[in-house]
Each structure stands twice: as structure tokens, then as C-alpha cells.
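K.L.:
Sending over data01.tsv (TSV, C-alpha atoms).
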chain	number	residue	atom	x	y	z
Y	51	MET	CA	-135.46	-19.89	78.23
Y	52	THR	CA	-139.22	-19.80	78.04
Y	53	ARG	CA	-141.34	-21.63	75.48
Y	54	GLU	CA	-142.14	-18.31	73.78
Y	55	GLN	CA	-138.45	-17.37	73.55
Y	56	ARG	CA	-137.53	-20.78	72.20
Y	57	LEU	CA	-140.21	-20.70	69.51
Y	58	GLN	CA	-139.16	-17.21	68.49
Y	59	LEU	CA	-135.57	-18.41	68.08
Y	60	ILE	CA	-136.50	-21.56	66.17
Y	61	ASN	CA	-138.75	-19.57	63.83
Y	62	ALA	CA	-135.80	-17.31	63.10
Y	63	GLU	CA	-133.63	-20.38	62.43
Y	64	ILE	CA	-136.08	-22.03	60.03
Y	65	GLU	CA	-135.99	-18.92	57.86
Y	66	LYS	CA	-132.23	-19.33	57.48
Y	67	ARG	CA	-131.70	-23.08	57.27
Y	68	ILE	CA	-133.42	-26.46	57.03
Y	69	LEU	CA	-134.18	-27.75	60.51
Y	70	ILE	CA	-133.49	-31.34	61.59
Y	71	LEU	CA	-136.05	-33.59	63.26
Y	72	ASP	CA	-134.95	-36.71	65.14
Y	73	GLY	CA	-135.37	-40.27	63.87
Y	74	SER	CA	-137.17	-43.42	64.89
Y	75	MET	CA	-137.73	-44.21	68.56
Y	76	GLY	CA	-138.53	-47.86	67.87
Y	77	ALA	CA	-135.46	-48.58	65.74
Y	78	TYR	CA	-133.14	-47.23	68.41
Y	79	LEU	CA	-134.92	-49.07	71.24
Y	80	GLN	CA	-134.54	-52.41	69.46
Y	81	GLY	CA	-130.84	-52.21	70.17
Y	82	PHE	CA	-131.44	-52.36	73.92
Y	83	GLY	CA	-132.84	-55.90	73.78
Y	84	LEU	CA	-135.69	-55.04	76.12
Y	85	THR	CA	-137.60	-57.92	77.73
Y	86	THR	CA	-141.16	-58.19	78.95
Y	87	ASN	CA	-139.89	-57.45	82.46
Y	88	ASP	CA	-138.30	-54.22	81.20
Y	89	PHE	CA	-141.64	-53.03	79.83
Y	90	HIS	CA	-143.47	-53.90	83.05
Y	91	GLY	CA	-140.78	-52.40	85.29
Y	92	THR	CA	-141.44	-52.53	89.01
Y	93	ARG	CA	-144.71	-50.64	88.81
Y	94	PHE	CA	-146.68	-52.96	86.52
Y	95	THR	CA	-145.44	-56.38	87.65
Y	96	GLU	CA	-149.00	-57.45	88.51
Y	97	HIS	CA	-150.60	-56.13	85.34
Y	98	PRO	CA	-152.95	-58.82	83.97
Y	99	MET	CA	-151.55	-58.85	80.43
Y	100	SER	CA	-148.19	-58.58	78.70
Y	101	LEU	CA	-147.01	-55.02	78.09
Y	102	LYS	CA	-144.14	-55.89	75.79
Y	103	GLY	CA	-144.39	-53.70	72.70
Y	104	ASP	CA	-146.00	-50.74	74.48
Y	105	THR	CA	-143.08	-48.46	73.72
Y	106	ASP	CA	-144.76	-45.39	75.19
Y	107	LEU	CA	-144.99	-47.11	78.58
Y	108	LEU	CA	-141.18	-47.13	78.75
Y	109	THR	CA	-141.51	-43.44	79.57
Y	110	LEU	CA	-142.72	-44.58	83.01
Y	111	THR	CA	-140.86	-47.87	83.42
Y	112	GLN	CA	-137.49	-47.12	81.78
Y	113	PRO	CA	-137.16	-43.31	81.66
Y	114	GLN	CA	-133.37	-43.45	81.61
Y	115	ILE	CA	-133.48	-45.32	78.29
Y	116	ILE	CA	-135.85	-42.80	76.72
Y	117	THR	CA	-133.54	-40.00	77.88
Y	118	GLN	CA	-130.61	-41.84	76.29
Y	119	VAL	CA	-132.46	-41.96	72.97
Y	120	HIS	CA	-133.23	-38.24	73.08
Y	121	GLU	CA	-129.63	-37.38	73.93
Y	122	ALA	CA	-128.32	-39.51	71.05
Y	123	TYR	CA	-130.50	-37.65	68.54
Y	124	ILE	CA	-129.52	-34.28	69.99
Y	125	ALA	CA	-125.86	-35.28	69.65
Y	126	ALA	CA	-126.56	-36.28	66.04
Y	127	GLY	CA	-127.71	-32.72	65.29
Y	128	ALA	CA	-131.49	-32.71	65.76
Y	129	ASP	CA	-133.17	-29.35	66.37
Y	130	ILE	CA	-136.57	-30.95	67.09
Y	131	ILE	CA	-136.98	-33.83	69.52
Y	132	SER	CA	-140.26	-35.76	69.45
Y	133	THR	CA	-141.82	-37.20	72.58
Y	134	ASN	CA	-142.27	-40.92	73.20
Y	135	THR	CA	-146.06	-40.63	72.96
Y	136	PHE	CA	-147.01	-41.94	69.51
Y	137	THR	CA	-149.67	-44.28	70.96
Y	138	ALA	CA	-150.29	-42.41	74.23
Y	139	THR	CA	-154.04	-41.93	73.79
Y	140	PRO	CA	-156.87	-43.75	75.58
Y	141	VAL	CA	-157.89	-45.42	72.31
Y	142	SER	CA	-154.46	-46.96	71.72
Y	143	GLN	CA	-153.54	-47.65	75.35
Y	144	ALA	CA	-156.81	-49.55	75.74
Y	145	GLU	CA	-155.05	-52.35	73.83
Y	146	TYR	CA	-152.96	-52.81	76.99
Y	147	ALA	CA	-155.67	-51.87	79.53
Y	148	LEU	CA	-153.64	-48.78	80.48
Y	149	GLU	CA	-156.05	-45.94	79.76
Y	150	GLU	CA	-155.62	-44.61	83.30
Y	151	VAL	CA	-151.94	-43.71	82.78
Y	152	VAL	CA	-152.34	-41.83	79.47
Y	153	TYR	CA	-152.09	-38.36	81.00
Y	154	GLU	CA	-149.08	-39.36	83.09
Y	155	ILE	CA	-147.23	-40.84	80.11
Y	156	ASN	CA	-147.67	-37.63	78.14
Y	157	VAL	CA	-146.57	-35.35	80.98
Y	158	ASP	CA	-143.48	-37.42	81.74
Y	159	ALA	CA	-142.57	-37.95	78.08
Y	160	ALA	CA	-142.66	-34.24	77.35
Y	161	ARG	CA	-140.70	-33.56	80.54
Y	162	LEU	CA	-137.97	-36.08	79.64
Y	163	ALA	CA	-137.58	-34.61	76.16
Y	164	ARG	CA	-137.59	-31.05	77.51
Y	165	GLU	CA	-134.95	-31.85	80.13
Y	166	ALA	CA	-132.68	-33.41	77.51
Y	167	CYS	CA	-133.10	-30.34	75.29
Y	168	ASP	CA	-132.52	-27.97	78.21
Y	169	ARG	CA	-129.20	-29.63	79.01
Y	170	ALA	CA	-128.09	-29.24	75.40
Y	171	GLU	CA	-129.24	-25.63	75.27
Y	172	ALA	CA	-127.31	-24.84	78.46
Y	173	ALA	CA	-124.19	-26.36	76.92
Y	174	ASP	CA	-124.17	-24.61	73.54
Y	175	GLY	CA	-126.93	-21.97	73.57
Y	176	LYS	CA	-128.75	-23.44	70.55
Y	177	PRO	CA	-132.53	-23.78	70.87
Y	178	ARG	CA	-134.09	-27.25	70.64
Y	179	VAL	CA	-137.84	-27.64	70.53
Y	180	VAL	CA	-139.90	-30.54	71.80
Y	181	ALA	CA	-142.57	-31.84	69.43
Y	182	GLY	CA	-145.42	-33.64	71.15
Y	183	SER	CA	-145.91	-36.79	69.07
Y	184	ILE	CA	-149.60	-37.50	68.38
Y	185	GLY	CA	-150.18	-40.68	66.40
Y	186	PRO	CA	-153.19	-41.89	64.40
Y	187	THR	CA	-154.51	-44.34	67.08
Y	188	THR	CA	-155.47	-47.94	66.39
Y	189	LYS	CA	-158.95	-47.00	65.11
Y	190	LEU	CA	-160.20	-45.32	61.94
Y	191	LEU	CA	-163.08	-42.86	61.83
Y	192	SER	CA	-163.61	-42.90	58.06
Y	193	MET	CA	-163.51	-46.63	57.40
Y	194	SER	CA	-164.92	-49.85	58.73
Y	195	PRO	CA	-162.59	-52.54	60.10
Y	196	GLU	CA	-164.77	-55.12	58.33
Y	197	VAL	CA	-165.16	-55.32	54.57
Y	198	GLY	CA	-168.54	-56.99	54.98
Y	199	ASP	CA	-169.88	-54.26	57.26
Y	200	PRO	CA	-168.96	-50.91	55.69
Y	201	GLY	CA	-171.02	-48.89	58.17
Y	202	ARG	CA	-169.24	-50.22	61.24
Y	203	ARG	CA	-167.03	-47.91	63.28
Y	204	ASP	CA	-165.11	-48.88	66.41
Y	205	ALA	CA	-164.66	-45.26	67.54
Y	206	ASP	CA	-166.55	-41.97	67.19
Y	207	PHE	CA	-165.29	-38.45	66.55
Y	208	VAL	CA	-166.24	-36.98	69.93
Y	209	GLY	CA	-164.70	-39.81	71.93
Y	210	MET	CA	-161.50	-39.76	69.92
Y	211	ALA	CA	-161.23	-35.97	70.20
Y	212	LYS	CA	-161.64	-36.26	73.98
Y	213	GLY	CA	-158.80	-38.77	74.06
Y	214	TYR	CA	-156.57	-36.50	72.02
Y	215	GLU	CA	-157.46	-33.61	74.32
Y	216	GLU	CA	-156.28	-35.62	77.33
Y	217	GLN	CA	-153.03	-36.43	75.55
Y	218	ILE	CA	-152.41	-32.82	74.54
Y	219	LEU	CA	-153.16	-31.45	78.00
Y	220	GLY	CA	-150.42	-33.75	79.29
Y	221	LEU	CA	-147.98	-32.71	76.58
Y	222	ILE	CA	-148.57	-29.04	77.35
Y	223	GLU	CA	-148.04	-29.58	81.08
Y	224	GLY	CA	-144.86	-31.55	80.44
Y	225	GLY	CA	-143.32	-28.78	78.36
Y	226	ALA	CA	-143.90	-29.55	74.67
Y	227	ASP	CA	-143.23	-26.61	72.36
Y	228	LEU	CA	-145.31	-27.72	69.38
Y	229	LEU	CA	-147.69	-30.53	68.46
Y	230	LEU	CA	-146.81	-33.05	65.76
Y	231	ILE	CA	-149.99	-34.77	64.53
Y	232	GLU	CA	-148.30	-37.47	62.50
Y	233	THR	CA	-148.60	-40.59	60.37
Y	234	ILE	CA	-152.09	-39.56	59.30
Y	235	THR	CA	-153.75	-42.27	57.25
Y	236	ASP	CA	-157.32	-41.10	57.94
Y	237	THR	CA	-157.87	-37.35	57.68
Y	238	LEU	CA	-160.94	-37.53	59.92
Y	239	ASN	CA	-158.70	-38.83	62.72
Y	240	ALA	CA	-156.45	-35.83	62.16
Y	241	LYS	CA	-159.42	-33.50	62.39
Y	242	SER	CA	-160.40	-35.06	65.73
Y	243	ALA	CA	-156.83	-34.45	66.94
Y	244	LEU	CA	-157.11	-30.82	65.85
Y	245	TRP	CA	-160.40	-30.51	67.74
Y	246	GLY	CA	-158.75	-31.99	70.83
Y	247	ALA	CA	-155.88	-29.53	70.48
Y	248	TRP	CA	-158.18	-26.53	70.28
Y	249	GLU	CA	-160.08	-27.72	73.34
Y	250	ALA	CA	-156.80	-28.11	75.23
Y	251	PHE	CA	-155.67	-24.65	74.12
Y	252	ASP	CA	-158.90	-23.13	75.42
Y	253	LYS	CA	-158.55	-24.88	78.79
Y	254	THR	CA	-154.89	-24.01	79.37
Y	255	GLY	CA	-154.60	-20.65	77.66
Y	256	VAL	CA	-151.53	-22.07	75.87
Y	257	GLU	CA	-151.62	-22.35	72.08
Y	258	LEU	CA	-148.87	-24.39	70.46
Y	259	PRO	CA	-147.84	-24.43	66.77
Y	260	LEU	CA	-149.28	-27.36	64.81
Y	261	TRP	CA	-147.31	-29.62	62.50
Y	262	ILE	CA	-149.56	-31.99	60.52
Y	263	SER	CA	-147.88	-34.91	58.75
Y	264	GLY	CA	-149.74	-37.27	56.44
Y	265	THR	CA	-148.82	-40.76	55.29
Y	266	ILE	CA	-149.04	-41.99	51.71
Y	267	THR	CA	-149.58	-45.70	52.14
Y	268	ASP	CA	-148.35	-46.91	48.74
Y	269	ARG	CA	-147.19	-45.77	45.32
Y	270	SER	CA	-150.74	-44.75	44.35
Y	271	GLY	CA	-150.02	-41.44	46.08
Y	272	ARG	CA	-153.03	-41.55	48.39
Y	273	THR	CA	-153.64	-41.79	52.11
Y	274	LEU	CA	-155.38	-44.91	53.42
Y	275	SER	CA	-158.68	-42.98	53.41
Y	276	GLY	CA	-158.14	-42.24	49.71
Y	277	GLN	CA	-157.00	-38.62	49.49
Y	278	THR	CA	-154.26	-37.32	47.23
Y	279	VAL	CA	-151.56	-35.16	48.79
Y	280	GLU	CA	-153.13	-31.89	47.64
Y	281	ALA	CA	-156.60	-32.97	48.78
Y	282	PHE	CA	-155.15	-33.86	52.18
Y	283	TYR	CA	-153.54	-30.42	52.44
Y	284	ASN	CA	-156.79	-28.70	51.46
Y	285	SER	CA	-158.55	-30.65	54.23
Y	286	VAL	CA	-156.26	-29.38	57.01
Y	287	ARG	CA	-155.36	-25.97	55.61
Y	288	HIS	CA	-158.05	-24.27	57.73
Y	289	ALA	CA	-156.04	-25.11	60.87
Y	290	ASN	CA	-153.31	-22.66	59.77
Y	291	PRO	CA	-150.56	-25.18	60.53
Y	292	TRP	CA	-147.02	-24.08	61.30
Y	293	ALA	CA	-145.90	-26.94	59.07
Y	294	VAL	CA	-147.31	-29.80	57.03
Y	295	GLY	CA	-145.48	-32.81	55.71
Y	296	LEU	CA	-145.24	-36.49	54.90
Y	297	ASN	CA	-143.79	-39.31	56.94
Y	298	CYS	CA	-143.60	-43.10	57.31
Y	299	ALA	CA	-144.76	-45.88	54.94
Y	300	LEU	CA	-142.53	-45.01	51.99
Y	301	GLY	CA	-138.79	-44.71	51.61
Y	302	PRO	CA	-137.26	-41.50	50.25
Y	303	GLN	CA	-137.17	-42.66	46.64
Y	304	ASP	CA	-140.92	-43.35	46.53
Y	305	MET	CA	-141.85	-40.29	48.59
Y	306	ARG	CA	-140.10	-37.75	46.37
Y	307	ALA	CA	-142.90	-37.11	43.84
Y	308	PHE	CA	-145.54	-36.72	46.55
Y	309	LEU	CA	-143.31	-34.40	48.58
Y	310	ALA	CA	-142.94	-32.23	45.47
Y	311	ASP	CA	-146.75	-32.05	45.16
Y	312	LEU	CA	-147.04	-30.89	48.77
Y	313	ALA	CA	-144.18	-28.41	48.51
Y	314	ARG	CA	-145.90	-26.84	45.50
Y	315	VAL	CA	-149.19	-26.07	47.28
Y	316	ALA	CA	-148.41	-25.70	50.99
Y	317	GLU	CA	-148.53	-22.13	52.30
Y	318	CYS	CA	-146.48	-23.01	55.39
Y	319	TYR	CA	-143.28	-24.88	56.20
Y	320	VAL	CA	-142.89	-28.41	54.78
Y	321	GLY	CA	-141.24	-31.30	56.59
Y	322	ALA	CA	-140.48	-34.83	55.44
Y	323	TYR	CA	-139.34	-37.87	57.36
Y	324	PRO	CA	-139.66	-41.10	55.38
Y	325	ASN	CA	-138.77	-44.60	56.48
Y	326	ALA	CA	-135.33	-45.97	55.75
Y	327	GLY	CA	-136.83	-47.62	52.69
Y	328	LEU	CA	-139.68	-50.12	52.46
Y	329	PRO	CA	-139.41	-53.05	54.90
Y	330	ASN	CA	-137.48	-55.98	53.44
Y	331	ALA	CA	-138.37	-59.69	53.71
Y	332	MET	CA	-136.82	-59.81	57.18
Y	333	GLY	CA	-138.74	-56.76	58.43
Y	334	GLY	CA	-135.65	-54.55	58.32
Y	335	TYR	CA	-134.85	-51.40	56.36
Y	336	ASP	CA	-132.24	-51.20	53.62
Y	337	GLU	CA	-131.62	-47.45	53.19
Y	338	THR	CA	-128.28	-46.65	54.79
Y	339	PRO	CA	-127.35	-43.28	56.28
Y	340	HIS	CA	-125.24	-42.63	53.16
Y	341	SER	CA	-127.97	-43.54	50.66
Y	342	MET	CA	-130.56	-41.43	52.50
Y	343	GLU	CA	-128.13	-38.51	52.55
Y	344	GLU	CA	-128.12	-38.54	48.74
Y	345	HIS	CA	-131.91	-38.31	48.61
Y	346	TYR	CA	-132.09	-35.49	51.15
Y	347	SER	CA	-129.38	-33.55	49.39
Y	348	GLU	CA	-131.36	-33.65	46.15
Y	349	TRP	CA	-134.61	-32.71	47.93
Y	350	ALA	CA	-133.00	-29.76	49.64
Y	351	ARG	CA	-131.41	-28.42	46.45
Y	352	ALA	CA	-134.74	-28.83	44.64
Y	353	GLY	CA	-136.34	-26.49	47.18
Y	354	LEU	CA	-138.69	-29.05	48.71
Y	355	LEU	CA	-137.74	-28.87	52.40
Y	356	ASN	CA	-137.94	-26.74	55.51
Y	357	ILE	CA	-137.59	-29.65	57.96
Y	358	ALA	CA	-135.89	-33.03	57.44
Y	359	GLY	CA	-135.96	-36.09	59.67
Y	360	GLY	CA	-136.39	-39.84	59.76
Y	361	CYS	CA	-139.16	-42.33	60.52
Y	362	CYS	CA	-139.11	-46.13	60.85
Y	363	GLY	CA	-135.68	-47.70	60.61
Y	364	THR	CA	-133.69	-44.48	60.99
Y	365	THR	CA	-131.08	-44.00	63.71
Y	366	PRO	CA	-128.88	-41.17	65.02
Y	367	GLU	CA	-126.38	-42.01	62.28
Y	368	HIS	CA	-129.07	-41.39	59.64
Y	369	ILE	CA	-129.85	-38.03	61.26
Y	370	THR	CA	-126.20	-36.97	61.21
Y	371	HIS	CA	-126.06	-37.70	57.48
Y	372	MET	CA	-129.29	-35.79	56.89
Y	373	LEU	CA	-127.73	-32.80	58.63
Y	374	HIS	CA	-124.76	-33.02	56.29
Y	375	ALA	CA	-127.09	-33.30	53.30
Y	376	VAL	CA	-128.91	-30.02	53.98
Y	377	GLU	CA	-126.17	-27.91	55.56
Y	378	GLY	CA	-125.76	-24.61	53.79
Y	379	VAL	CA	-128.79	-25.14	51.52
Y	380	THR	CA	-131.42	-22.40	51.40
Y	381	PRO	CA	-134.73	-23.66	52.81
Y	382	ARG	CA	-137.84	-23.93	50.67
Y	383	ALA	CA	-139.57	-20.58	50.03
Y	384	ILE	CA	-143.19	-20.43	51.20
Y	385	PRO	CA	-145.55	-19.37	48.39
Y	386	ALA	CA	-148.03	-16.52	48.77
Y	387	ARG	CA	-151.37	-17.61	50.22
Y	388	ASP	CA	-153.88	-18.62	47.58
Y	389	THR	CA	-157.11	-16.69	48.16
Y	390	ARG	CA	-159.19	-18.92	45.90
Y	391	LEU	CA	-161.66	-21.40	47.36
Y	392	ARG	CA	-159.87	-24.73	47.83
Y	393	LEU	CA	-161.92	-27.82	48.72
Y	394	ALA	CA	-161.25	-31.52	48.86
Y	395	GLY	CA	-162.91	-34.90	48.72
Y	396	LEU	CA	-160.61	-37.63	47.54
Y	397	GLU	CA	-159.33	-35.15	44.94
Y	398	PRO	CA	-158.61	-31.43	45.35
Y	399	PHE	CA	-160.85	-28.74	43.92
Y	400	THR	CA	-159.80	-25.12	43.40
Y	401	ALA	CA	-162.41	-22.60	42.28
Y	402	ALA	CA	-161.61	-20.32	39.39
Y	403	ALA	CA	-160.38	-16.86	40.39
Please, can you express the file's structure as C-alpha cells?

P.N.:
Amino acid sequence: MTREQRLQLINAEIEKRILILDGSMGAYLQGFGLTTNDFHGTRFTEHPMSLKGDTDLLTLTQPQIITQVHEAYIAAGADIISTNTFTATPVSQAEYALEEVVYEINVDAARLAREACDRAEAADGKPRVVAGSIGPTTKLLSMSPEVGDPGRRDADFVGMAKGYEEQILGLIEGGADLLLIETITDTLNAKSALWGAWEAFDKTGVELPLWISGTITDRSGRTLSGQTVEAFYNSVRHANPWAVGLNCALGPQDMRAFLADLARVAECYVGAYPNAGLPNAMGGYDETPHSMEEHYSEWARAGLLNIAGGCCGTTPEHITHMLHAVEGVTPRAIPARDTRLRLAGLEPFTAAA
């Protein structure tokens, strides 16, 4: 089926039930015991620095493993499969001196995810959409990397937007159905990603739905750049997103209150995919598939969700339990659009009617 047909079907589905996003790429890949040689593959054996840890590069060097991850999440019940492109921008790939393969990574990652979804669709007729994963990069536009030099910036808006545009052009060519701008700690970075998306849409004539997912970095309820959940939503509302949401950083117990704040104000679909708890002393995650199922069941019955998934530490088993948690539950109702003026700094501001 075409991208347009698939999106039409998935939009019909989300009106009837809570959709399921996949889980962590990194957590699943850890089980493969990949070595430095696996990351380099045969193509990058002469690369002048170690590439171990560049998970997105596995799209080129170990595509069969990435396909295996996608297929496991599809088998677990995911409706939305995210591409292995979280750090596939020039800004982030510069850490490995691999800026020249950014476009290729994005094309191939979207293609691998699309092929896995196509095989599943052919088998059972159910639509699966590919979400092009667009991460926050390793730089911040709103904040200095040095406390003693608050005016310093290691990236600028135009350059970052150009990098995002390159990424998104690749995702579109590879077959992504929507764009997932995720793990947003700095809203200005997200705005540069939106700018890059609009530039890519103009160049290709293809406009994809936008899902914008912020990250609350601690129990204060604010992003790293200082915004509350409602202020963050007000800042990206102009983009008319298909969905907004929260992901990463927090486990489900700590995310609940902030998800409720977002579900109250968002005039579009809401998705949530927390970590499997906060990292423990060993760097692992303690929320089991069963314990996360309890949280998601309560969220769904409280009317907070349209899309549910998992972030760091989650596996296909977690996704299967999330599916069980939300099965048969009516999805969150989208409120009528608020016509009042809504602005944001660190806090939201809504003008009187």
C-alpha cells in the first residue's frame, strides 16, 4: 500500500484504539554482544577512530541485526516502528568523523524498517507505520556547555536545521511515514528540527505528520532548558503536530503527573514512552514488563493516552505487556482547540478570553 493509504488506515485505527510504539533499540542490541569489529564491519575497517557505540552506523554495517530488532517489535505487537537514526545527523555523527554517511544511514534505516513492516502487512493486512527517529543531537542551542561562559554555543540554529534537513530528506527517500522529533531537552533544538522538516517538505513535495516528544529531565517537571510541560507544548503548538508526548529520562511512576498535564492541554494525539524506570547503580533498569503493564493500564483508563511505547531499557517483552495493558481501552479524547492566545517562556501564559 502507499504511504497515503497507510496513514489513512492508521489514523482510522488511532480513533478506535491506543496504538503501540516499539521499545528501545539500544537495550535490545546489548543482547547481541557486539564488538568494535561489528560496528566497523567490512566497510569501515580503516576508519581512524573507534566506532563502537555508534548504534546508528549498524544500519550500514549490520543491517540484518537491525532488521531482527524491528521484526521482534512487530511480533510483540507494535503498530509504529522507529528507525535506527536517533543520532543520524551531521552534528552527532561528527563525534565519529562520519558526517559524510548521514544521508545514507537515514535512507537505509527507513528502508529496513519499511521492509520489515511491509512483510508484516503482507502477512496479516494490518498497517504498520515507520517513524523516522530524530534525536536532540549532542549540542544545545539554548545553553552553553560551560558554566563559566554562558554565552558560548557550539552550534547555531541555521547549521543545525541544515543537518536535520539532510536527515529528513534521507528518511523521506527511505520510506518513513511520519517524523518523530524525540527526547527534546532543548526546545530550540526541536524548532530547528521543525525548520529542517519544512525545508525538506518543500524540496520533496512530501509532507509527513509530525510527532514531537519532549523529555522531562527530573522530578522538577521541566525540560533541561527549563520549560514546564505546558510551556513546552505552547512552544511547538504552531507546528500543528499529529501527536505530542513525553519520553525517556523518567520511569512511568515519575512521568505520570507530567503526562496528565500534557494530556489536559494538547489538542492532538498524545503518546508516552518512558524508560523502564530510572537507571540503577549498575546502569540497568528495574521496571519489569509486568510492573510497566500496571502503569500503562492505569494511564489508559485515566484517559491519558493515544500512543504507548517504551524508551531506554524496554524490550519486546515490555511492548507485549503494554499491548495487553491498553487492549480494549478507549483512547484519550482530543479536546476542542483553544482559540485564546497561548504563549510560553519557561512558564505557560494564556490570555484571557

K.L.:
Within 8 Å of Val157 (chain Y), counting all atoms listed in the file, which residues qualify if same-chain residues fewer than 2 places away don't, as a PyMOL selection string?

P.N.:
chain Y and resi 153-155+159-161+220-225

K.L.:
If I take CA of Ala310 (chain Y) and CA of Asn61 (chain Y), how far is one from the other in Å, to one decimal?

P.N.:
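Going from CA of Ala310 (chain Y) over to CA of Asn61 (chain Y) covers 22.7 Å.
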
K.L.:
Residues around (-141.3, -34.3, 69.3), cut-off 8 Å, counting all atoms listed in the file - what are they as a PyMOL selection string?

P.N.:
chain Y and resi 72+130-134+163+179-183+226+228-230

K.L.:
I'd like the interatomic distance between CA of Ser100 (chain Y) and CA of Gly81 (chain Y), to a tenth of an Å.

P.N.:
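Straight-line distance from CA of Ser100 (chain Y) to CA of Gly81 (chain Y) works out to 20.4 Å.
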
K.L.:
Tell me, counting all atoms listed in the file, for each residue of region 307-398 of chain Y within 8 Å of region 267-289 of chain Y, which pair of atoms is nearest and how far apart they are in Å to one decimal, in rows ordered by chain and increasing number, as a Markdown table.

P.N.:
| residue | atom | partner | partner_atom | distance |
| --- | --- | --- | --- | --- |
| Y:Phe308 | CA | Y:Gly271 | CA | 6.5 |
| Y:Asp311 | CA | Y:Val279 | CA | 6.8 |
| Y:Leu312 | CA | Y:Val279 | CA | 6.2 |
| Y:Val315 | CA | Y:Glu280 | CA | 7.0 |
| Y:Ala316 | CA | Y:Tyr283 | CA | 7.1 |
| Y:Arg392 | CA | Y:Asn284 | CA | 6.2 |
| Y:Leu393 | CA | Y:Asn284 | CA | 5.9 |
| Y:Ala394 | CA | Y:Ala281 | CA | 4.9 |
| Y:Gly395 | CA | Y:Ala281 | CA | 6.6 |
| Y:Leu396 | CA | Y:Gln277 | CA | 4.2 |
| Y:Glu397 | CA | Y:Ala281 | CA | 5.2 |
| Y:Pro398 | CA | Y:Ala281 | CA | 4.3 |

K.L.:
Using all atoms listed in the file for the distances, tell me which of Y:Arg351, Y:Gln118, Y:Gln143, Y:Ile369 is nearest to Phe82 (chain Y).

P.N.:
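Between Y:Arg351, Y:Gln118, Y:Gln143, Y:Ile369, the residue approaching Phe82 (chain Y) most closely is Y:Gln118.
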
K.L.:
Go through region 325-358 of chain Y residue by residue and, counting only C-alpha atoms, keep those with an atom at most 9 Å from region 370-376 of chain Y; for each kept residue give the shortest atom pair and its distance in Å to one decimal, ordered by chain and increasing number, as a tab-separated table.

P.N.:
residue	atom	partner	partner_atom	distance
Y:Pro339	CA	Y:His371	CA	5.9
Y:His340	CA	Y:His371	CA	6.6
Y:Met342	CA	Y:Met372	CA	7.3
Y:Glu343	CA	Y:Met372	CA	5.3
Y:Glu344	CA	Y:Ala375	CA	7.0
Y:His345	CA	Y:Ala375	CA	8.4
Y:Tyr346	CA	Y:Ala375	CA	5.9
Y:Ser347	CA	Y:Ala375	CA	4.5
Y:Glu348	CA	Y:Ala375	CA	8.3
Y:Trp349	CA	Y:Val376	CA	8.7
Y:Ala350	CA	Y:Val376	CA	6.0
Y:Arg351	CA	Y:Val376	CA	8.1
Y:Ala358	CA	Y:Met372	CA	7.2

K.L.:
Got a moment to write region 268-307 of chain Y out with C-alpha atoms, as a compact mmCIF listing (two decimals), in the first residue's frame?

P.N.:
# COMPACT_ATOMS: atom_id res chain seq x y z
CA ASP Y 268 13.97 15.17 36.62
CA ARG Y 269 11.13 15.36 39.13
CA SER Y 270 11.03 19.17 38.86
CA GLY Y 271 8.78 18.68 35.83
CA ARG Y 272 10.88 20.76 33.45
CA THR Y 273 12.91 20.16 30.33
CA LEU Y 274 16.67 20.73 30.52
CA SER Y 275 16.15 24.20 29.02
CA GLY Y 276 13.73 24.97 31.87
CA GLN Y 277 10.23 24.74 30.40
CA THR Y 278 7.24 23.15 32.10
CA VAL Y 279 5.23 20.62 30.11
CA GLU Y 280 2.52 23.12 29.18
CA ALA Y 281 5.07 25.77 28.20
CA PHE Y 282 6.81 23.22 26.01
CA TYR Y 283 3.52 22.36 24.31
CA ASN Y 284 2.72 26.04 23.74
CA SER Y 285 6.15 26.43 22.11
CA VAL Y 286 5.54 23.74 19.47
CA ARG Y 287 1.78 24.04 19.07
CA HIS Y 288 2.18 26.26 15.99
CA ALA Y 289 3.59 23.26 14.07
CA ASN Y 290 0.16 21.58 14.20
CA PRO Y 291 1.69 18.26 15.27
CA TRP Y 292 -0.07 14.97 14.62
CA ALA Y 293 0.98 13.99 18.14
CA VAL Y 294 2.94 15.31 21.09
CA GLY Y 295 4.27 13.38 24.02
CA LEU Y 296 6.91 12.62 26.61
CA ASN Y 297 9.69 10.07 26.55
CA CYS Y 298 12.96 8.98 28.19
CA ALA Y 299 14.63 10.18 31.42
CA LEU Y 300 11.87 9.18 33.83
CA GLY Y 301 10.21 5.88 34.59
CA PRO Y 302 6.43 5.54 34.37
CA GLN Y 303 5.79 6.30 38.03
CA ASP Y 304 7.56 9.68 37.87
CA MET Y 305 6.22 10.57 34.43
CA ARG Y 306 2.54 10.15 35.31
CA ALA Y 307 1.83 13.65 36.67
